[in-house]
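A short write-up of the structure that comes next.
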Amino acid sequence: MAFNELRAISTFVKAAELGSLRQAAAAQAITPQAASQALVQLEQHLGVRLFHRTTRSLSLTEEGEQFLQAAQPGLFTLRRALHGARRGREDIAGPLRIAVPRSIMLEVLWPVLEEYCRRHPQVDPDIQMDDRIGNWVEDRIDVGFRAGSPPEGGVISRRVLPLQLIVCASPAYIARHGAPQTLDELAAHRCSGFRHTGTGKAMPWEFKVVEEVVGRNIAASFLTNDVDLEARAVVAGQVVGQLIGVTAAPLVRAGKLVPLLTQHVTEHLGLYVYYGSRNAQPARARAFIDLVVERLAGNTQFFLEPHELVTPKPKATHTRSAAK
């Protein structure tokens with residue numbers, strides 16, 4: 001189509017309502033010449049004359065009257081739909097679809113979401129808890145979160161938290177079995193493992209060695225695909241584990257866990273919030289993202305600071321009873 005049908009029909013209806021093509025042009029913020037051209041193109045497209053017009057008067061033809069009666073209701077419905085969409089974009093109300101890894105929902109995001117719901121009771125959260133990396137467009141996600149590396153696929157993302165990988169054990173485990181002082185000594189300890197949700201295989205532990213991040217396959221004496229269960233096993237003194245900072249930090253501060261091999265703690269992973277174009281977002285999504293950034297960005301509640309990453313000194317004498 002060589003012309004804008006909707007603009008031409010809007011010009012025609014406005015001209016019929018006002019009785020003036022010049023006034024119709026002004027109402028639509030276009031020039032009189034553009035309005036006249038749109039009307040001519042519409043008449044050519046329909047193959048009928050819509051107006052009797054002179055330099056001083058404008059009146060509908062019979063075909064024009066029939067077309068006006070047919071076009072006005074549809075145009076009114078369309079204008080109402082456009083107005084509703086614009087209003088919905090600015091109202092903090094309606095459904096808010098959020099995708100978040102199960103492993104960080106309760107500890108990290110639930111307090112933020114709970115505060116958001118108290119502030120905006122007209123919003124209806126729809127939470128998809130899944131550790132897989134989905135398709136944000138197909139899943140119709142308004143705001144997503146990803147733990148690990150930045151998401152791809154044409155989204156805007158922001159890193160809000162570092163996700164430390166911290167080797168730790170309970171004081172009871174250390175009292176019974178001692179603490180590994182080097183990466184190689186991990187082989188002599190019972191260690192936990194986390195099963196990748198996609199491959200089903202145990203994920204390697206990752207360490208900072210000098211300025212690089214290296215992965216090592218650690219034999220697992222306790223293997224699971226649930227971070228909470230893994231943390232419980234470590235706190236219970238069953239195993240040494242490598243936990244993410246959001247899980248380990250409060251347990252270390254509570255004295256339930258001790259960080260080990262702290263010179264090898266990595267921060268190359270992060271928690272990212274992602275979304276589509278900022279300009280096209282509804283207000284309810286923008287408000288949630290702003291609150292997430294306000295509450296989480298740089299929040300030391302979820303990671304250990306340098307002075308907290310202190311490895312206990314080994315005892316002078318000790319017999320390791322849990323050696324493999």
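Ordering of the structure tokens sets the chain letters (A, B, ...); residue numbers start at 1 within each chain; ligands are numbered from 1 in the order shown.
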
If you take only C-alpha atoms and a cut-off of 10 Å, which residues of stretch 135-245 of chain A touch stretch 103-114 of chain A, and what are their nearest atom pairs and distances in Å to one decimal, in chain and number order, as a Markdown table?
| residue | atom | partner | partner_atom | distance |
| --- | --- | --- | --- | --- |
| A:Phe145 | CA | A:Ile104 | CA | 9.3 |
| A:Arg146 | CA | A:Ile104 | CA | 9.4 |
| A:Ala147 | CA | A:Ile104 | CA | 8.1 |
| A:Asn225 | CA | A:Ser103 | CA | 9.9 |
| A:Asp226 | CA | A:Ser103 | CA | 7.5 |
| A:Val227 | CA | A:Ser103 | CA | 6.2 |
| A:Asp228 | CA | A:Ser103 | CA | 7.7 |
| A:Ile244 | CA | A:Ser103 | CA | 9.7 |

Spatial neighbours of A:Ala231, 12 Å, only C-alpha atoms, chain gap at least 2 places, as a PDB file with all heavy atoms, in the first residue's frame:
ATOM      1  N   SER A 103      17.178 -21.033  42.637  1.00  0.00           N
ATOM      2  CA  SER A 103      18.240 -21.011  43.638  1.00  0.00           C
ATOM      3  C   SER A 103      18.398 -19.659  44.341  1.00  0.00           C
ATOM      4  O   SER A 103      18.995 -19.603  45.415  1.00  0.00           O
ATOM      5  CB  SER A 103      19.575 -21.396  42.980  1.00  0.00           C
ATOM      6  OG  SER A 103      19.847 -20.553  41.877  1.00  0.00           O
ATOM      7  N   ILE A 166      32.381 -19.852  47.138  1.00  0.00           N
ATOM      8  CA  ILE A 166      33.135 -19.933  48.383  1.00  0.00           C
ATOM      9  C   ILE A 166      33.181 -21.378  48.868  1.00  0.00           C
ATOM     10  O   ILE A 166      32.132 -22.002  49.098  1.00  0.00           O
ATOM     11  CB  ILE A 166      32.498 -19.051  49.472  1.00  0.00           C
ATOM     12  CG1 ILE A 166      32.340 -17.607  48.961  1.00  0.00           C
ATOM     13  CG2 ILE A 166      33.319 -19.080  50.751  1.00  0.00           C
ATOM     14  CD1 ILE A 166      31.512 -16.731  49.878  1.00  0.00           C
ATOM     15  N   VAL A 167      34.377 -21.914  49.033  1.00  0.00           N
ATOM     16  CA  VAL A 167      34.541 -23.223  49.657  1.00  0.00           C
ATOM     17  C   VAL A 167      34.378 -23.043  51.160  1.00  0.00           C
ATOM     18  O   VAL A 167      34.984 -22.147  51.760  1.00  0.00           O
ATOM     19  CB  VAL A 167      35.922 -23.826  49.344  1.00  0.00           C
ATOM     20  CG1 VAL A 167      36.092 -25.165  50.059  1.00  0.00           C
ATOM     21  CG2 VAL A 167      36.097 -24.000  47.840  1.00  0.00           C
ATOM     22  N   CYS A 168      33.542 -23.859  51.770  1.00  0.00           N
ATOM     23  CA  CYS A 168      33.314 -23.707  53.198  1.00  0.00           C
ATOM     24  C   CYS A 168      32.949 -25.041  53.835  1.00  0.00           C
ATOM     25  O   CYS A 168      32.585 -26.010  53.152  1.00  0.00           O
ATOM     26  CB  CYS A 168      32.237 -22.663  53.481  1.00  0.00           C
ATOM     27  SG  CYS A 168      30.797 -22.772  52.425  1.00  0.00           S
ATOM     28  N   ALA A 169      33.077 -25.068  55.147  1.00  0.00           N
ATOM     29  CA  ALA A 169      32.737 -26.257  55.931  1.00  0.00           C
ATOM     30  C   ALA A 169      32.242 -25.793  57.285  1.00  0.00           C
ATOM     31  O   ALA A 169      32.469 -24.654  57.700  1.00  0.00           O
ATOM     32  CB  ALA A 169      33.953 -27.163  56.081  1.00  0.00           C
ATOM     33  N   SER A 170      31.561 -26.679  57.987  1.00  0.00           N
ATOM     34  CA  SER A 170      31.063 -26.333  59.315  1.00  0.00           C
ATOM     35  C   SER A 170      32.192 -26.442  60.334  1.00  0.00           C
ATOM     36  O   SER A 170      33.172 -27.178  60.135  1.00  0.00           O
ATOM     37  CB  SER A 170      29.926 -27.272  59.704  1.00  0.00           C
ATOM     38  OG  SER A 170      30.432 -28.579  59.944  1.00  0.00           O
ATOM     39  N   CYS A 191      33.349 -34.137  49.785  1.00  0.00           N
ATOM     40  CA  CYS A 191      32.913 -32.873  49.187  1.00  0.00           C
ATOM     41  C   CYS A 191      31.516 -33.030  48.588  1.00  0.00           C
ATOM     42  O   CYS A 191      31.110 -34.131  48.186  1.00  0.00           O
ATOM     43  CB  CYS A 191      33.885 -32.405  48.103  1.00  0.00           C
ATOM     44  SG  CYS A 191      35.542 -32.019  48.735  1.00  0.00           S
ATOM     45  N   SER A 192      30.813 -31.931  48.522  1.00  0.00           N
ATOM     46  CA  SER A 192      29.490 -31.935  47.897  1.00  0.00           C
ATOM     47  C   SER A 192      29.632 -31.659  46.404  1.00  0.00           C
ATOM     48  O   SER A 192      30.652 -31.149  45.939  1.00  0.00           O
ATOM     49  CB  SER A 192      28.576 -30.880  48.544  1.00  0.00           C
ATOM     50  OG  SER A 192      29.049 -29.581  48.246  1.00  0.00           O
ATOM     51  N   GLY A 193      28.582 -31.955  45.662  1.00  0.00           N
ATOM     52  CA  GLY A 193      28.544 -31.662  44.234  1.00  0.00           C
ATOM     53  C   GLY A 193      27.162 -31.176  43.846  1.00  0.00           C
ATOM     54  O   GLY A 193      26.160 -31.581  44.444  1.00  0.00           O
ATOM     55  N   PHE A 194      27.122 -30.301  42.852  1.00  0.00           N
ATOM     56  CA  PHE A 194      25.846 -29.786  42.361  1.00  0.00           C
ATOM     57  C   PHE A 194      25.620 -30.305  40.945  1.00  0.00           C
ATOM     58  O   PHE A 194      26.453 -30.102  40.065  1.00  0.00           O
ATOM     59  CB  PHE A 194      25.836 -28.250  42.374  1.00  0.00           C
ATOM     60  CG  PHE A 194      24.498 -27.664  42.018  1.00  0.00           C
ATOM     61  CD1 PHE A 194      23.501 -27.549  42.965  1.00  0.00           C
ATOM     62  CD2 PHE A 194      24.232 -27.239  40.723  1.00  0.00           C
ATOM     63  CE1 PHE A 194      22.256 -27.009  42.645  1.00  0.00           C
ATOM     64  CE2 PHE A 194      22.994 -26.704  40.391  1.00  0.00           C
ATOM     65  CZ  PHE A 194      22.002 -26.595  41.356  1.00  0.00           C
ATOM     66  N   PHE A 222      28.480 -36.242  48.160  1.00  0.00           N
ATOM     67  CA  PHE A 222      27.075 -35.880  48.343  1.00  0.00           C
ATOM     68  C   PHE A 222      26.681 -35.055  47.126  1.00  0.00           C
ATOM     69  O   PHE A 222      27.180 -33.950  46.932  1.00  0.00           O
ATOM     70  CB  PHE A 222      26.897 -35.064  49.633  1.00  0.00           C
ATOM     71  CG  PHE A 222      25.465 -34.746  49.963  1.00  0.00           C
ATOM     72  CD1 PHE A 222      24.735 -35.554  50.819  1.00  0.00           C
ATOM     73  CD2 PHE A 222      24.838 -33.635  49.405  1.00  0.00           C
ATOM     74  CE1 PHE A 222      23.416 -35.260  51.120  1.00  0.00           C
ATOM     75  CE2 PHE A 222      23.521 -33.336  49.695  1.00  0.00           C
ATOM     76  CZ  PHE A 222      22.799 -34.151  50.567  1.00  0.00           C
ATOM     77  N   LEU A 223      25.788 -35.590  46.292  1.00  0.00           N
ATOM     78  CA  LEU A 223      25.447 -34.946  45.025  1.00  0.00           C
ATOM     79  C   LEU A 223      23.962 -34.614  45.004  1.00  0.00           C
ATOM     80  O   LEU A 223      23.120 -35.439  45.368  1.00  0.00           O
ATOM     81  CB  LEU A 223      25.791 -35.879  43.863  1.00  0.00           C
ATOM     82  CG  LEU A 223      25.645 -35.332  42.432  1.00  0.00           C
ATOM     83  CD1 LEU A 223      26.583 -34.157  42.216  1.00  0.00           C
ATOM     84  CD2 LEU A 223      25.937 -36.439  41.419  1.00  0.00           C
ATOM     85  N   THR A 224      23.620 -33.379  44.577  1.00  0.00           N
ATOM     86  CA  THR A 224      22.227 -32.960  44.519  1.00  0.00           C
ATOM     87  C   THR A 224      22.066 -31.882  43.454  1.00  0.00           C
ATOM     88  O   THR A 224      23.050 -31.301  42.999  1.00  0.00           O
ATOM     89  CB  THR A 224      21.755 -32.410  45.883  1.00  0.00           C
ATOM     90  OG1 THR A 224      20.378 -31.993  45.788  1.00  0.00           O
ATOM     91  CG2 THR A 224      22.592 -31.213  46.302  1.00  0.00           C
ATOM     92  N   ASN A 225      20.817 -31.628  43.076  1.00  0.00           N
ATOM     93  CA  ASN A 225      20.533 -30.521  42.153  1.00  0.00           C
ATOM     94  C   ASN A 225      19.765 -29.408  42.859  1.00  0.00           C
ATOM     95  O   ASN A 225      19.124 -28.575  42.220  1.00  0.00           O
ATOM     96  CB  ASN A 225      19.732 -31.013  40.945  1.00  0.00           C
ATOM     97  CG  ASN A 225      18.338 -31.492  41.330  1.00  0.00           C
ATOM     98  OD1 ASN A 225      18.062 -31.735  42.505  1.00  0.00           O
ATOM     99  ND2 ASN A 225      17.465 -31.645  40.355  1.00  0.00           N
ATOM    100  N   ASP A 226      19.864 -29.372  44.191  1.00  0.00           N
ATOM    101  CA  ASP A 226      19.168 -28.366  44.974  1.00  0.00           C
ATOM    102  C   ASP A 226      20.167 -27.651  45.874  1.00  0.00           C
ATOM    103  O   ASP A 226      20.823 -28.283  46.717  1.00  0.00           O
ATOM    104  CB  ASP A 226      18.068 -29.016  45.820  1.00  0.00           C
ATOM    105  CG  ASP A 226      17.243 -27.993  46.571  1.00  0.00           C
ATOM    106  OD1 ASP A 226      16.269 -27.485  45.989  1.00  0.00           O
ATOM    107  OD2 ASP A 226      17.583 -27.686  47.727  1.00  0.00           O
ATOM    108  N   VAL A 227      20.290 -26.324  45.719  1.00  0.00           N
ATOM    109  CA  VAL A 227      21.302 -25.581  46.478  1.00  0.00           C
ATOM    110  C   VAL A 227      20.994 -25.564  47.969  1.00  0.00           C
ATOM    111  O   VAL A 227      21.915 -25.560  48.802  1.00  0.00           O
ATOM    112  CB  VAL A 227      21.445 -24.143  45.953  1.00  0.00           C
ATOM    113  CG1 VAL A 227      22.007 -24.134  44.549  1.00  0.00           C
ATOM    114  CG2 VAL A 227      20.117 -23.394  46.000  1.00  0.00           C
ATOM    115  N   ASP A 228      19.715 -25.556  48.330  1.00  0.00           N
ATOM    116  CA  ASP A 228      19.364 -25.541  49.754  1.00  0.00           C
ATOM    117  C   ASP A 228      19.748 -26.851  50.428  1.00  0.00           C
ATOM    118  O   ASP A 228      20.256 -26.855  51.557  1.00  0.00           O
ATOM    119  CB  ASP A 228      17.866 -25.283  49.929  1.00  0.00           C
ATOM    120  CG  ASP A 228      17.461 -23.880  49.496  1.00  0.00           C
ATOM    121  OD1 ASP A 228      18.307 -22.964  49.613  1.00  0.00           O
ATOM    122  OD2 ASP A 228      16.324 -23.700  49.039  1.00  0.00           O
ATOM    123  N   LEU A 229      19.507 -27.958  49.738  1.00  0.00           N
ATOM    124  CA  LEU A 229      19.871 -29.252  50.306  1.00  0.00           C
ATOM    125  C   LEU A 229      21.388 -29.383  50.417  1.00  0.00           C
ATOM    126  O   LEU A 229      21.910 -29.913  51.401  1.00  0.00           O
ATOM    127  CB  LEU A 229      19.304 -30.385  49.438  1.00  0.00           C
ATOM    128  CG  LEU A 229      19.542 -31.807  49.960  1.00  0.00           C
ATOM    129  CD1 LEU A 229      18.941 -31.977  51.344  1.00  0.00           C
ATOM    130  CD2 LEU A 229      18.957 -32.823  48.993  1.00  0.00           C
ATOM    131  N   ALA A 233      23.616 -29.980  53.904  1.00  0.00           N
ATOM    132  CA  ALA A 233      24.616 -31.038  54.103  1.00  0.00           C
ATOM    133  C   ALA A 233      25.933 -30.461  54.593  1.00  0.00           C
ATOM    134  O   ALA A 233      26.618 -31.060  55.433  1.00  0.00           O
ATOM    135  CB  ALA A 233      24.818 -31.804  52.794  1.00  0.00           C
ATOM    136  N   VAL A 234      26.295 -29.271  54.078  1.00  0.00           N
ATOM    137  CA  VAL A 234      27.543 -28.644  54.507  1.00  0.00           C
ATOM    138  C   VAL A 234      27.416 -28.159  55.951  1.00  0.00           C
ATOM    139  O   VAL A 234      28.307 -28.376  56.777  1.00  0.00           O
ATOM    140  CB  VAL A 234      27.914 -27.477  53.565  1.00  0.00           C
ATOM    141  CG1 VAL A 234      29.194 -26.802  54.034  1.00  0.00           C
ATOM    142  CG2 VAL A 234      28.093 -27.975  52.130  1.00  0.00           C
ATOM    143  N   VAL A 235      26.304 -27.526  56.280  1.00  0.00           N
ATOM    144  CA  VAL A 235      26.091 -27.035  57.646  1.00  0.00           C
ATOM    145  C   VAL A 235      26.047 -28.194  58.640  1.00  0.00           C
ATOM    146  O   VAL A 235      26.541 -28.075  59.776  1.00  0.00           O
ATOM    147  CB  VAL A 235      24.792 -26.211  57.722  1.00  0.00           C
ATOM    148  CG1 VAL A 235      24.423 -25.901  59.170  1.00  0.00           C
ATOM    149  CG2 VAL A 235      24.930 -24.917  56.926  1.00  0.00           C
ATOM    150  N   ALA A 236      25.505 -29.325  58.221  1.00  0.00           N
ATOM    151  CA  ALA A 236      25.412 -30.491  59.103  1.00  0.00           C
ATOM    152  C   ALA A 236      26.753 -31.165  59.347  1.00  0.00           C
ATOM    153  O   ALA A 236      26.850 -32.079  60.169  1.00  0.00           O
ATOM    154  CB  ALA A 236      24.422 -31.502  58.526  1.00  0.00           C
ATOM    155  N   GLY A 237      27.792 -30.717  58.640  1.00  0.00           N
ATOM    156  CA  GLY A 237      29.109 -31.305  58.836  1.00  0.00           C
ATOM    157  C   GLY A 237      29.342 -32.574  58.055  1.00  0.00           C
ATOM    158  O   GLY A 237      30.317 -33.304  58.315  1.00  0.00           O
ATOM    159  N   GLN A 238      28.499 -32.844  57.071  1.00  0.00           N
ATOM    160  CA  GLN A 238      28.673 -34.057  56.270  1.00  0.00           C
ATOM    161  C   GLN A 238      29.773 -33.910  55.227  1.00  0.00           C
ATOM    162  O   GLN A 238      30.485 -34.864  54.925  1.00  0.00           O
ATOM    163  CB  GLN A 238      27.355 -34.406  55.564  1.00  0.00           C
ATOM    164  CG  GLN A 238      26.214 -34.733  56.492  1.00  0.00           C
ATOM    165  CD  GLN A 238      26.493 -35.955  57.331  1.00  0.00           C
ATOM    166  OE1 GLN A 238      27.028 -36.950  56.833  1.00  0.00           O
ATOM    167  NE2 GLN A 238      26.172 -35.889  58.609  1.00  0.00           N
ATOM    168  N   VAL A 239      29.923 -32.687  54.675  1.00  0.00           N
ATOM    169  CA  VAL A 239      30.839 -32.474  53.552  1.00  0.00           C
ATOM    170  C   VAL A 239      31.409 -31.062  53.584  1.00  0.00           C
ATOM    171  O   VAL A 239      30.899 -30.179  54.265  1.00  0.00           O
ATOM    172  CB  VAL A 239      30.109 -32.676  52.195  1.00  0.00           C
ATOM    173  CG1 VAL A 239      29.839 -34.135  51.904  1.00  0.00           C
ATOM    174  CG2 VAL A 239      28.819 -31.855  52.165  1.00  0.00           C
ATOM    175  N   VAL A 240      32.472 -30.881  52.799  1.00  0.00           N
ATOM    176  CA  VAL A 240      32.943 -29.560  52.416  1.00  0.00           C
ATOM    177  C   VAL A 240      32.191 -29.188  51.143  1.00  0.00           C
ATOM    178  O   VAL A 240      31.968 -30.042  50.279  1.00  0.00           O
ATOM    179  CB  VAL A 240      34.461 -29.568  52.149  1.00  0.00           C
ATOM    180  CG1 VAL A 240      34.938 -28.203  51.643  1.00  0.00           C
ATOM    181  CG2 VAL A 240      35.224 -29.971  53.396  1.00  0.00           C
ATOM    182  N   GLY A 241      31.769 -27.943  51.010  1.00  0.00           N
ATOM    183  CA  GLY A 241      31.019 -27.545  49.829  1.00  0.00           C
ATOM    184  C   GLY A 241      31.527 -26.247  49.237  1.00  0.00           C
ATOM    185  O   GLY A 241      32.167 -25.446  49.923  1.00  0.00           O
ATOM    186  N   GLN A 242      31.261 -26.060  47.960  1.00  0.00           N
ATOM    187  CA  GLN A 242      31.492 -24.763  47.328  1.00  0.00           C
ATOM    188  C   GLN A 242      30.118 -24.163  47.064  1.00  0.00           C
ATOM    189  O   GLN A 242      29.384 -24.606  46.188  1.00  0.00           O
ATOM    190  CB  GLN A 242      32.289 -24.870  46.027  1.00  0.00           C
ATOM    191  CG  GLN A 242      32.652 -23.484  45.475  1.00  0.00           C
ATOM    192  CD  GLN A 242      33.472 -23.543  44.199  1.00  0.00           C
ATOM    193  OE1 GLN A 242      33.023 -24.088  43.198  1.00  0.00           O
ATOM    194  NE2 GLN A 242      34.668 -22.973  44.221  1.00  0.00           N
ATOM    195  N   LEU A 243      29.773 -23.135  47.842  1.00  0.00           N
ATOM    196  CA  LEU A 243      28.455 -22.525  47.794  1.00  0.00           C
ATOM    197  C   LEU A 243      28.547 -21.116  47.213  1.00  0.00           C
ATOM    198  O   LEU A 243      29.583 -20.464  47.307  1.00  0.00           O
ATOM    199  CB  LEU A 243      27.848 -22.452  49.196  1.00  0.00           C
ATOM    200  CG  LEU A 243      27.776 -23.767  49.983  1.00  0.00           C
ATOM    201  CD1 LEU A 243      27.183 -23.520  51.365  1.00  0.00           C
ATOM    202  CD2 LEU A 243      26.956 -24.814  49.232  1.00  0.00           C
ATOM    203  N   ILE A 244      27.438 -20.646  46.636  1.00  0.00           N
ATOM    204  CA  ILE A 244      27.419 -19.269  46.153  1.00  0.00           C
ATOM    205  C   ILE A 244      27.302 -18.330  47.358  1.00  0.00           C
ATOM    206  O   ILE A 244      26.772 -18.696  48.407  1.00  0.00           O
ATOM    207  CB  ILE A 244      26.274 -19.009  45.158  1.00  0.00           C
ATOM    208  CG1 ILE A 244      24.911 -19.303  45.785  1.00  0.00           C
ATOM    209  CG2 ILE A 244      26.476 -19.806  43.891  1.00  0.00           C
ATOM    210  CD1 ILE A 244      23.746 -18.922  44.895  1.00  0.00           C
ATOM    211  N   GLY A 245      27.811 -17.110  47.183  1.00  0.00           N
ATOM    212  CA  GLY A 245      27.881 -16.169  48.289  1.00  0.00           C
ATOM    213  C   GLY A 245      26.538 -15.857  48.926  1.00  0.00           C
ATOM    214  O   GLY A 245      26.453 -15.672  50.138  1.00  0.00           O
ATOM    215  N   VAL A 246      25.458 -15.771  48.117  1.00  0.00           N
ATOM    216  CA  VAL A 246      24.156 -15.439  48.694  1.00  0.00           C
ATOM    217  C   VAL A 246      23.696 -16.497  49.683  1.00  0.00           C
ATOM    218  O   VAL A 246      22.932 -16.209  50.607  1.00  0.00           O
ATOM    219  CB  VAL A 246      23.092 -15.233  47.584  1.00  0.00           C
ATOM    220  CG1 VAL A 246      23.447 -14.054  46.707  1.00  0.00           C
ATOM    221  CG2 VAL A 246      22.913 -16.485  46.753  1.00  0.00           C
ATOM    222  N   THR A 247      24.158 -17.742  49.499  1.00  0.00           N
ATOM    223  CA  THR A 247      23.841 -18.812  50.438  1.00  0.00           C
ATOM    224  C   THR A 247      24.834 -18.851  51.584  1.00  0.00           C
ATOM    225  O   THR A 247      24.454 -18.994  52.756  1.00  0.00           O
ATOM    226  CB  THR A 247      23.835 -20.170  49.711  1.00  0.00           C
ATOM    227  OG1 THR A 247      22.857 -20.154  48.669  1.00  0.00           O
ATOM    228  CG2 THR A 247      23.522 -21.303  50.676  1.00  0.00           C
ATOM    229  N   ALA A 248      26.118 -18.700  51.245  1.00  0.00           N
ATOM    230  CA  ALA A 248      27.162 -18.868  52.256  1.00  0.00           C
ATOM    231  C   ALA A 248      27.272 -17.691  53.212  1.00  0.00           C
ATOM    232  O   ALA A 248      27.531 -17.881  54.410  1.00  0.00           O
ATOM    233  CB  ALA A 248      28.505 -19.102  51.559  1.00  0.00           C
ATOM    234  N   ALA A 249      27.110 -16.470  52.730  1.00  0.00           N
ATOM    235  CA  ALA A 249      27.383 -15.282  53.548  1.00  0.00           C
ATOM    236  C   ALA A 249      26.625 -15.267  54.876  1.00  0.00           C
ATOM    237  O   ALA A 249      27.238 -15.084  55.939  1.00  0.00           O
ATOM    238  CB  ALA A 249      27.112 -14.017  52.743  1.00  0.00           C
ATOM    239  N   PRO A 250      25.292 -15.439  54.881  1.00  0.00           N
ATOM    240  CA  PRO A 250      24.599 -15.412  56.176  1.00  0.00           C
ATOM    241  C   PRO A 250      24.994 -16.563  57.095  1.00  0.00           C
ATOM    242  O   PRO A 250      24.995 -16.408  58.320  1.00  0.00           O
ATOM    243  CB  PRO A 250      23.118 -15.488  55.788  1.00  0.00           C
ATOM    244  CG  PRO A 250      23.096 -16.054  54.416  1.00  0.00           C
ATOM    245  CD  PRO A 250      24.344 -15.592  53.760  1.00  0.00           C
ATOM    246  N   LEU A 251      25.347 -17.711  56.522  1.00  0.00           N
ATOM    247  CA  LEU A 251      25.745 -18.857  57.340  1.00  0.00           C
ATOM    248  C   LEU A 251      27.122 -18.650  57.954  1.00  0.00           C
ATOM    249  O   LEU A 251      27.374 -19.052  59.090  1.00  0.00           O
ATOM    250  CB  LEU A 251      25.725 -20.132  56.493  1.00  0.00           C
ATOM    251  CG  LEU A 251      24.341 -20.532  55.947  1.00  0.00           C
ATOM    252  CD1 LEU A 251      24.452 -21.686  54.974  1.00  0.00           C
ATOM    253  CD2 LEU A 251      23.403 -20.879  57.095  1.00  0.00           C
ATOM    254  N   VAL A 252      28.013 -17.997  57.217  1.00  0.00           N
ATOM    255  CA  VAL A 252      29.331 -17.661  57.764  1.00  0.00           C
ATOM    256  C   VAL A 252      29.176 -16.645  58.887  1.00  0.00           C
ATOM    257  O   VAL A 252      29.784 -16.785  59.964  1.00  0.00           O
ATOM    258  CB  VAL A 252      30.251 -17.112  56.650  1.00  0.00           C
ATOM    259  CG1 VAL A 252      31.529 -16.515  57.249  1.00  0.00           C
ATOM    260  CG2 VAL A 252      30.603 -18.219  55.659  1.00  0.00           C
ATOM    261  N   LYS A 256      27.861 -20.665  61.433  1.00  0.00           N
ATOM    262  CA  LYS A 256      27.529 -22.035  61.057  1.00  0.00           C
ATOM    263  C   LYS A 256      28.495 -22.605  60.027  1.00  0.00           C
ATOM    264  O   LYS A 256      28.597 -23.824  59.880  1.00  0.00           O
ATOM    265  CB  LYS A 256      26.098 -22.092  60.510  1.00  0.00           C
ATOM    266  CG  LYS A 256      25.054 -21.735  61.549  1.00  0.00           C
ATOM    267  CD  LYS A 256      23.646 -21.835  60.961  1.00  0.00           C
ATOM    268  CE  LYS A 256      22.596 -21.492  62.015  1.00  0.00           C
ATOM    269  NZ  LYS A 256      21.216 -21.600  61.466  1.00  0.00           N
ATOM    270  N   LEU A 257      29.180 -21.725  59.279  1.00  0.00           N
ATOM    271  CA  LEU A 257      30.149 -22.167  58.283  1.00  0.00           C
ATOM    272  C   LEU A 257      31.420 -21.343  58.412  1.00  0.00           C
ATOM    273  O   LEU A 257      31.397 -20.203  58.880  1.00  0.00           O
ATOM    274  CB  LEU A 257      29.586 -22.031  56.862  1.00  0.00           C
ATOM    275  CG  LEU A 257      28.452 -22.971  56.459  1.00  0.00           C
ATOM    276  CD1 LEU A 257      28.014 -22.690  55.019  1.00  0.00           C
ATOM    277  CD2 LEU A 257      28.853 -24.426  56.612  1.00  0.00           C
TER     278      LEU A 257
END

Any idea what's packed within 10 Å of A:Ala34, counting only C-alpha atoms, ignoring anything in its chain fewer than 3 positions away? Could you give it as a PDB file with N, CA, C and O atoms, in the first residue's frame?
ATOM      1  N   ALA A   8      -5.280   8.174   6.400  1.00  0.00           N
ATOM      2  CA  ALA A   8      -6.230   8.704   5.418  1.00  0.00           C
ATOM      3  C   ALA A   8      -7.664   8.610   5.938  1.00  0.00           C
ATOM      4  O   ALA A   8      -8.460   9.551   5.793  1.00  0.00           O
ATOM      5  N   THR A  11      -8.203  11.169   8.635  1.00  0.00           N
ATOM      6  CA  THR A  11      -8.351  12.511   8.044  1.00  0.00           C
ATOM      7  C   THR A  11      -9.754  12.692   7.473  1.00  0.00           C
ATOM      8  O   THR A  11     -10.387  13.732   7.666  1.00  0.00           O
ATOM      9  N   ALA A  25      -6.808  18.940   9.180  1.00  0.00           N
ATOM     10  CA  ALA A  25      -5.346  18.898   9.110  1.00  0.00           C
ATOM     11  C   ALA A  25      -4.740  19.426  10.396  1.00  0.00           C
ATOM     12  O   ALA A  25      -3.800  18.831  10.962  1.00  0.00           O
ATOM     13  N   ILE A  30      -0.985  17.921  10.796  1.00  0.00           N
ATOM     14  CA  ILE A  30      -0.382  17.757   9.474  1.00  0.00           C
ATOM     15  C   ILE A  30      -0.734  18.986   8.646  1.00  0.00           C
ATOM     16  O   ILE A  30      -1.599  19.786   9.020  1.00  0.00           O
ATOM     17  N   THR A  31      -0.085  19.134   7.520  1.00  0.00           N
ATOM     18  CA  THR A  31      -0.343  20.301   6.670  1.00  0.00           C
ATOM     19  C   THR A  31      -1.637  20.093   5.889  1.00  0.00           C
ATOM     20  O   THR A  31      -2.054  18.951   5.637  1.00  0.00           O
ATOM     21  N   GLN A  37      -3.923  15.414   0.119  1.00  0.00           N
ATOM     22  CA  GLN A  37      -3.342  14.283  -0.597  1.00  0.00           C
ATOM     23  C   GLN A  37      -3.851  12.958  -0.027  1.00  0.00           C
ATOM     24  O   GLN A  37      -4.149  12.026  -0.782  1.00  0.00           O
ATOM     25  N   ALA A  38      -3.955  12.860   1.324  1.00  0.00           N
ATOM     26  CA  ALA A  38      -4.452  11.636   1.953  1.00  0.00           C
ATOM     27  C   ALA A  38      -5.879  11.350   1.504  1.00  0.00           C
ATOM     28  O   ALA A  38      -6.240  10.195   1.225  1.00  0.00           O
ATOM     29  N   LEU A  39      -6.701  12.402   1.414  1.00  0.00           N
ATOM     30  CA  LEU A  39      -8.095  12.212   1.006  1.00  0.00           C
ATOM     31  C   LEU A  39      -8.184  11.782  -0.451  1.00  0.00           C
ATOM     32  O   LEU A  39      -8.967  10.874  -0.793  1.00  0.00           O
ATOM     33  N   VAL A  40      -7.382  12.386  -1.316  1.00  0.00           N
ATOM     34  CA  VAL A  40      -7.377  12.005  -2.730  1.00  0.00           C
ATOM     35  C   VAL A  40      -6.953  10.543  -2.877  1.00  0.00           C
ATOM     36  O   VAL A  40      -7.552   9.770  -3.644  1.00  0.00           O
TER      37      VAL A  40
END

(message) Between atom CA of A:Ala93 and atom CA of A:Asn299, what distance in Å does the model show, to one decimal?
(response)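 Atom CA of A:Asn299 lies 28.0 Å from atom CA of A:Ala93.
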